[in-house]
Structures are given as structure tokens and as C-alpha cells.
Amino acid sequence: MPDFDHERAEAAVRELLAAMGEDPSREGLLDTPARVARAYAEMTLGMRQTARDVLTTTFDIGHEEMVLVRDIELWSMCEHHLVPFTGVAHVGYIPAETGKITGLSKLARLVDVYARRPQVQERLTTQVADSLMEILEARGVIVVIEAEHLCMTMRGVRKAGARTITSAVRGAMLTNQATRAEAMALISGTR
Ligand SMILES: Nc1nc2c(ncn2[C@@H]2O[C@H](COP(=O)(O)OP(=O)(O)OP(=O)(O)O)[C@@H](O)[C@H]2O)c(=O)[nH]1
Ligand SMILES: [Zn+2]
């Protein structure tokens with residue numbers, strides 16, 4: 001995994017400022033390239049992490065029923081316009097028969113690993129689901145993401161409040177209708 005190239009990012013920000021007709025050497029902008037580079041390094045931290053880095057803590061407590069964390073705040077960056085999209089992720093899984101589970105916070109960390117990179121919402125949703133299936137050997141997974149894309153609100157079509165909902169359903173969550181219905185009820189707060 002390559003490190004974030006601060007020098008290159010700073011040069012690019014200076015160019016972008018010049019392109020918009022700004023003077024990158026005026027006092028107020030002197031530190032801006034370095035600040036923006038640091039901000040982008042942070043916002044794309046997920047590019048230098050893997051799902052296995054965060055799904056480290058697993059317990060075998062023999063719990064075989066569904067575990068679902070709702071309303072995980074997320075900030076990501078649309079890969080088409082490099083502006084944020086933000087919302088919540090709901091992540092649920094049915095553990096392996098061995099009862100292998102992970103820490104609850106790790107589900108939120110997993111969302112961050114894939115959110116903190118240039119993304120499209122659909123890919124973010126499937127990456128979270130697929131990594132849970134693979135690493136936890138889960139019997140089923142459901143990931144629902146609801147987000148507002150700033151590229152649709154602050155520019156372009158300008159439709160504030162429009163929310164995009166994506167889902168990825170795997171394994172027993174897909175094949176067992178009752179299980180999926182239970183997950184959806186938990187996600188929508190009707191249970
Ligand atoms: N499917 C999908 N589309 C996205 C996502 N984020 C942004 N987009 C869309 O990507 C598309 C890019 O369309 P283009 O026509 O190439 O770019 P554009 O001229 O800036 O488009 P407008 O946003 O309609 O002004 C837009 O329709 C965006 O709404 C995402 O996460 N998933
Ligand atoms: Zn966009």
C-alpha cells in the first residue's frame with residue numbers, strides 16, 4: 001500500500017488554486033496546500049487499511065443468532081466529484097456455526113475502512129458485506145446504507161434531501177425470507 005504523497009498533493013492543490021484564479025502565494029492561502037493534503041490523507045485513510053486490519057478481535061462465544069448495528073454514521077467521498085456523501089450504515093450478520101463473532105465497534109471500523117476512499121455507494125455497500133462473509137465466515141450478512149450525496153445537493157441537479165438507499169444481502173439473509181424480514185424490521189426500527 002503506497003503512503004499518501006503529501007508533496008504531490010500540495011503541488012496539486014496549488015495548481016487547483018491557480019486554476020480558479022487564486023494567488024496561492026497570498027498570505028491566507030500559504031498553509032492551505034499542506035492543510036488540504038493532511039485533510040485528504042485523513043479522508044482517504046481507508047486506502048491504506050484492509051478489512052482484516054480491523055476485524056481482528058473475534059470471540060467464539062457460541063452466539064449463532066443475528067447481530068445488527070444500526071445507524072453507523074458514515075462519511076465517504078464520491079469518486080466522480082470528490083465531494084462528500086454522508087449518512088448511515090446498518091450492518092447485520094448471522095455468525096458462523098462456530099459462533100465466531102467480532103466486537104461491535106469493529107463493524108463501524110469496517111464501514112470506515114471502505115468509506116474513507118474515493119467511492120460509489122453501491123461498491124461501499126458490497127465491500128462491507130463481502131468482507132464480513134469472508135473474514136467472519138458469516139452465514140448471512142445484510143448491509144443497508146442511506147446517504148445524501150453533496151454532489152447532488154451543493155451542485156449539479158441540486159436536490160437537497162434526496163437520499164440514496166443501497167443494500168447488499170448475502171447467504172442466509174438472502175435465502176431465508178423470515179430472517180431477512182427480521183433484519184429489515186430491526187433496521188427500520190419497527191421491532
Ligand atoms: N451510482 C452512483 N452514482 C453516483 C454516486 N455518486 C455520484 N454519482 C453520480 O455519478 C454521475 C456522474 O455523472 P456525469 O454525467 O458523468 O457527471 P456530471 O455531469 O457532473 O453529472 P451531474 O451530477 O448530473 O451534473 C452523476 O449522476 C452522480 O449523481 C454513487 O455513489 N453511485
Ligand atoms: Zn458525485
# chains A, B, ... in the order shown; residues from 1 in each chain; ligands from 1
>>> residues_near_ligand(ligand="ligand 1", cutoff="6 Å", atoms="only C-alpha atoms and all ligand atoms", output="list in words")
Cys78, His80, Val120, Gln121, Glu122, Met152, Gly156 and Val157 of chain A
>>> write_last_selection(atoms="N, CA and C atoms", output="PDB file, in the first residue's frame")
ATOM      1  N   CYS A  78     -17.502  10.832  -2.929  1.00  0.00           N
ATOM      2  CA  CYS A  78     -17.936  10.359  -4.245  1.00  0.00           C
ATOM      3  C   CYS A  78     -16.773  10.411  -5.222  1.00  0.00           C
ATOM      4  N   HIS A  80     -16.736  10.474  -8.310  1.00  0.00           N
ATOM      5  CA  HIS A  80     -16.936  11.246  -9.541  1.00  0.00           C
ATOM      6  C   HIS A  80     -16.615  12.716  -9.355  1.00  0.00           C
ATOM      7  N   VAL A 120     -18.149   4.798  -4.744  1.00  0.00           N
ATOM      8  CA  VAL A 120     -19.562   4.910  -5.087  1.00  0.00           C
ATOM      9  C   VAL A 120     -20.300   4.107  -4.025  1.00  0.00           C
ATOM     10  N   GLN A 121     -21.504   4.548  -3.739  1.00  0.00           N
ATOM     11  CA  GLN A 121     -22.232   3.956  -2.612  1.00  0.00           C
ATOM     12  C   GLN A 121     -22.481   2.458  -2.805  1.00  0.00           C
ATOM     13  N   GLU A 122     -22.747   2.059  -4.026  1.00  0.00           N
ATOM     14  CA  GLU A 122     -23.022   0.640  -4.285  1.00  0.00           C
ATOM     15  C   GLU A 122     -21.804  -0.222  -3.928  1.00  0.00           C
ATOM     16  N   MET A 152     -25.091  15.979  -5.368  1.00  0.00           N
ATOM     17  CA  MET A 152     -26.470  16.154  -5.842  1.00  0.00           C
ATOM     18  C   MET A 152     -27.162  17.313  -5.148  1.00  0.00           C
ATOM     19  N   GLY A 156     -24.735  20.653  -9.472  1.00  0.00           N
ATOM     20  CA  GLY A 156     -25.431  19.768 -10.397  1.00  0.00           C
ATOM     21  C   GLY A 156     -26.940  19.879 -10.286  1.00  0.00           C
ATOM     22  N   VAL A 157     -27.582  18.763 -10.018  1.00  0.00           N
ATOM     23  CA  VAL A 157     -29.044  18.710 -10.044  1.00  0.00           C
ATOM     24  C   VAL A 157     -29.676  19.451  -8.852  1.00  0.00           C
TER      25      VAL A 157
END
>>> residues_near_ligand(ligand="ligand 2", cutoff="8 Å", atoms="only C-alpha atoms and all ligand atoms", output="VMD selection string")
chain A and resid 77 to 84 149 to 152
>>> residues_around(residues="A:Gln127", least_positions_apart="4", cutoff="12 Å", atoms="only C-alpha atoms", output="JSON list (two decimals) with C-alpha atoms, in the first residue's frame")
[["chain", "number", "residue", "atom", "x", "y", "z"],
["A", 50, "THR", "CA", -7.68, -3.53, 4.96],
["A", 51, "ALA", "CA", -10.76, -5.16, 6.42],
["A", 91, "VAL", "CA", -24.76, -3.76, 9.32],
["A", 110, "LEU", "CA", -15.08, -1.79, 8.87],
["A", 111, "VAL", "CA", -17.51, 0.75, 7.38],
["A", 112, "ASP", "CA", -14.81, 3.42, 7.78],
["A", 113, "VAL", "CA", -12.15, 1.32, 6.04],
["A", 114, "TYR", "CA", -14.26, 1.24, 2.89],
["A", 115, "ALA", "CA", -15.87, 4.69, 3.29],
["A", 119, "GLN", "CA", -16.17, 5.55, -3.61],
["A", 120, "VAL", "CA", -19.56, 4.91, -5.09],
["A", 121, "GLN", "CA", -22.23, 3.96, -2.61],
["A", 122, "GLU", "CA", -23.02, 0.64, -4.28],
["A", 123, "ARG", "CA", -19.41, -0.57, -4.08],
["A", 131, "SER", "CA", -15.63, -8.79, 3.77],
["A", 132, "LEU", "CA", -17.92, -9.86, 6.64],
["A", 133, "MET", "CA", -18.90, -13.02, 4.76],
["A", 134, "GLU", "CA", -15.28, -13.84, 4.04],
["A", 135, "ILE", "CA", -13.44, -12.88, 7.21],
["A", 141, "VAL", "CA", -24.99, -10.62, 6.01],
["A", 142, "ILE", "CA", -27.14, -7.58, 5.36],
["A", 143, "VAL", "CA", -25.78, -4.09, 4.77],
["A", 144, "VAL", "CA", -28.07, -1.15, 4.11],
["A", 145, "ILE", "CA", -26.66, 2.31, 3.51],
["A", 167, "SER", "CA", -28.38, -2.82, 0.13],
["A", 168, "ALA", "CA", -26.26, -5.94, -0.09],
["A", 169, "VAL", "CA", -27.73, -9.18, 1.19],
["A", 170, "ARG", "CA", -25.74, -12.39, 1.36]]
>>> select_by_dssp(residues="chain A", states="strand (DSSP E)", output="number ranges by chain")
A: 58-60, 67-78, 84-94, 100-102, 118-119, 140-149, 164-171
>>> write_last_selection(atoms="C-alpha atoms", output="compact mmCIF listing (two decimals), in the first residue's frame")
# COMPACT_ATOMS: atom_id res chain seq x y z
CA THR A 58 -13.08 -12.22 17.26
CA PHE A 59 -14.69 -14.18 20.05
CA ASP A 60 -16.06 -17.68 19.95
CA VAL A 67 -26.18 -9.32 15.39
CA LEU A 68 -27.13 -5.97 13.91
CA VAL A 69 -25.70 -2.48 14.49
CA ARG A 70 -27.94 0.25 13.20
CA ASP A 71 -27.27 3.91 12.33
CA ILE A 72 -23.48 3.79 11.99
CA GLU A 73 -22.56 7.31 10.91
CA LEU A 74 -20.52 7.40 7.73
CA TRP A 75 -18.63 9.96 5.69
CA SER A 76 -17.32 8.99 2.30
CA MET A 77 -16.22 10.72 -0.88
CA CYS A 78 -17.94 10.36 -4.24
CA PRO A 84 -18.62 14.00 0.42
CA PHE A 85 -21.56 11.74 0.73
CA THR A 86 -22.79 11.15 4.23
CA GLY A 87 -25.39 9.11 6.01
CA VAL A 88 -25.75 5.92 7.98
CA ALA A 89 -24.96 2.27 7.53
CA HIS A 90 -26.86 -0.61 9.08
CA VAL A 91 -24.76 -3.76 9.32
CA GLY A 92 -26.08 -7.15 10.39
CA TYR A 93 -24.72 -10.66 10.23
CA ILE A 94 -25.51 -14.19 11.29
CA LYS A 100 -17.36 -16.67 15.72
CA ILE A 101 -18.31 -13.04 16.31
CA THR A 102 -16.46 -9.74 16.30
CA PRO A 118 -12.99 7.60 -3.36
CA GLN A 119 -16.17 5.55 -3.61
CA GLY A 140 -25.53 -14.36 6.30
CA VAL A 141 -24.99 -10.62 6.01
CA ILE A 142 -27.14 -7.58 5.36
CA VAL A 143 -25.78 -4.09 4.77
CA VAL A 144 -28.07 -1.15 4.11
CA ILE A 145 -26.66 2.31 3.51
CA GLU A 146 -28.72 5.50 3.38
CA ALA A 147 -26.79 8.55 2.25
CA GLU A 148 -27.06 12.04 0.88
CA HIS A 149 -24.60 12.95 -1.87
CA THR A 164 -29.93 7.07 -1.84
CA ILE A 165 -30.52 3.67 -0.30
CA THR A 166 -28.40 0.68 -1.27
CA SER A 167 -28.38 -2.82 0.13
CA ALA A 168 -26.26 -5.94 -0.09
CA VAL A 169 -27.73 -9.18 1.19
CA ARG A 170 -25.74 -12.39 1.36
CA GLY A 171 -26.10 -16.04 2.42
>>> atom_distance(atom1="atom CA of A:Met47", atom2="atom CA of A:Asp31")
24.7 Å
>>> select_by_dssp(residues="chain A", states="alpha helix (DSSP H)", output="number ranges by chain")
A: 6-19, 32-43, 51-54, 104-115, 121-135, 150-153, 172-175, 177-188
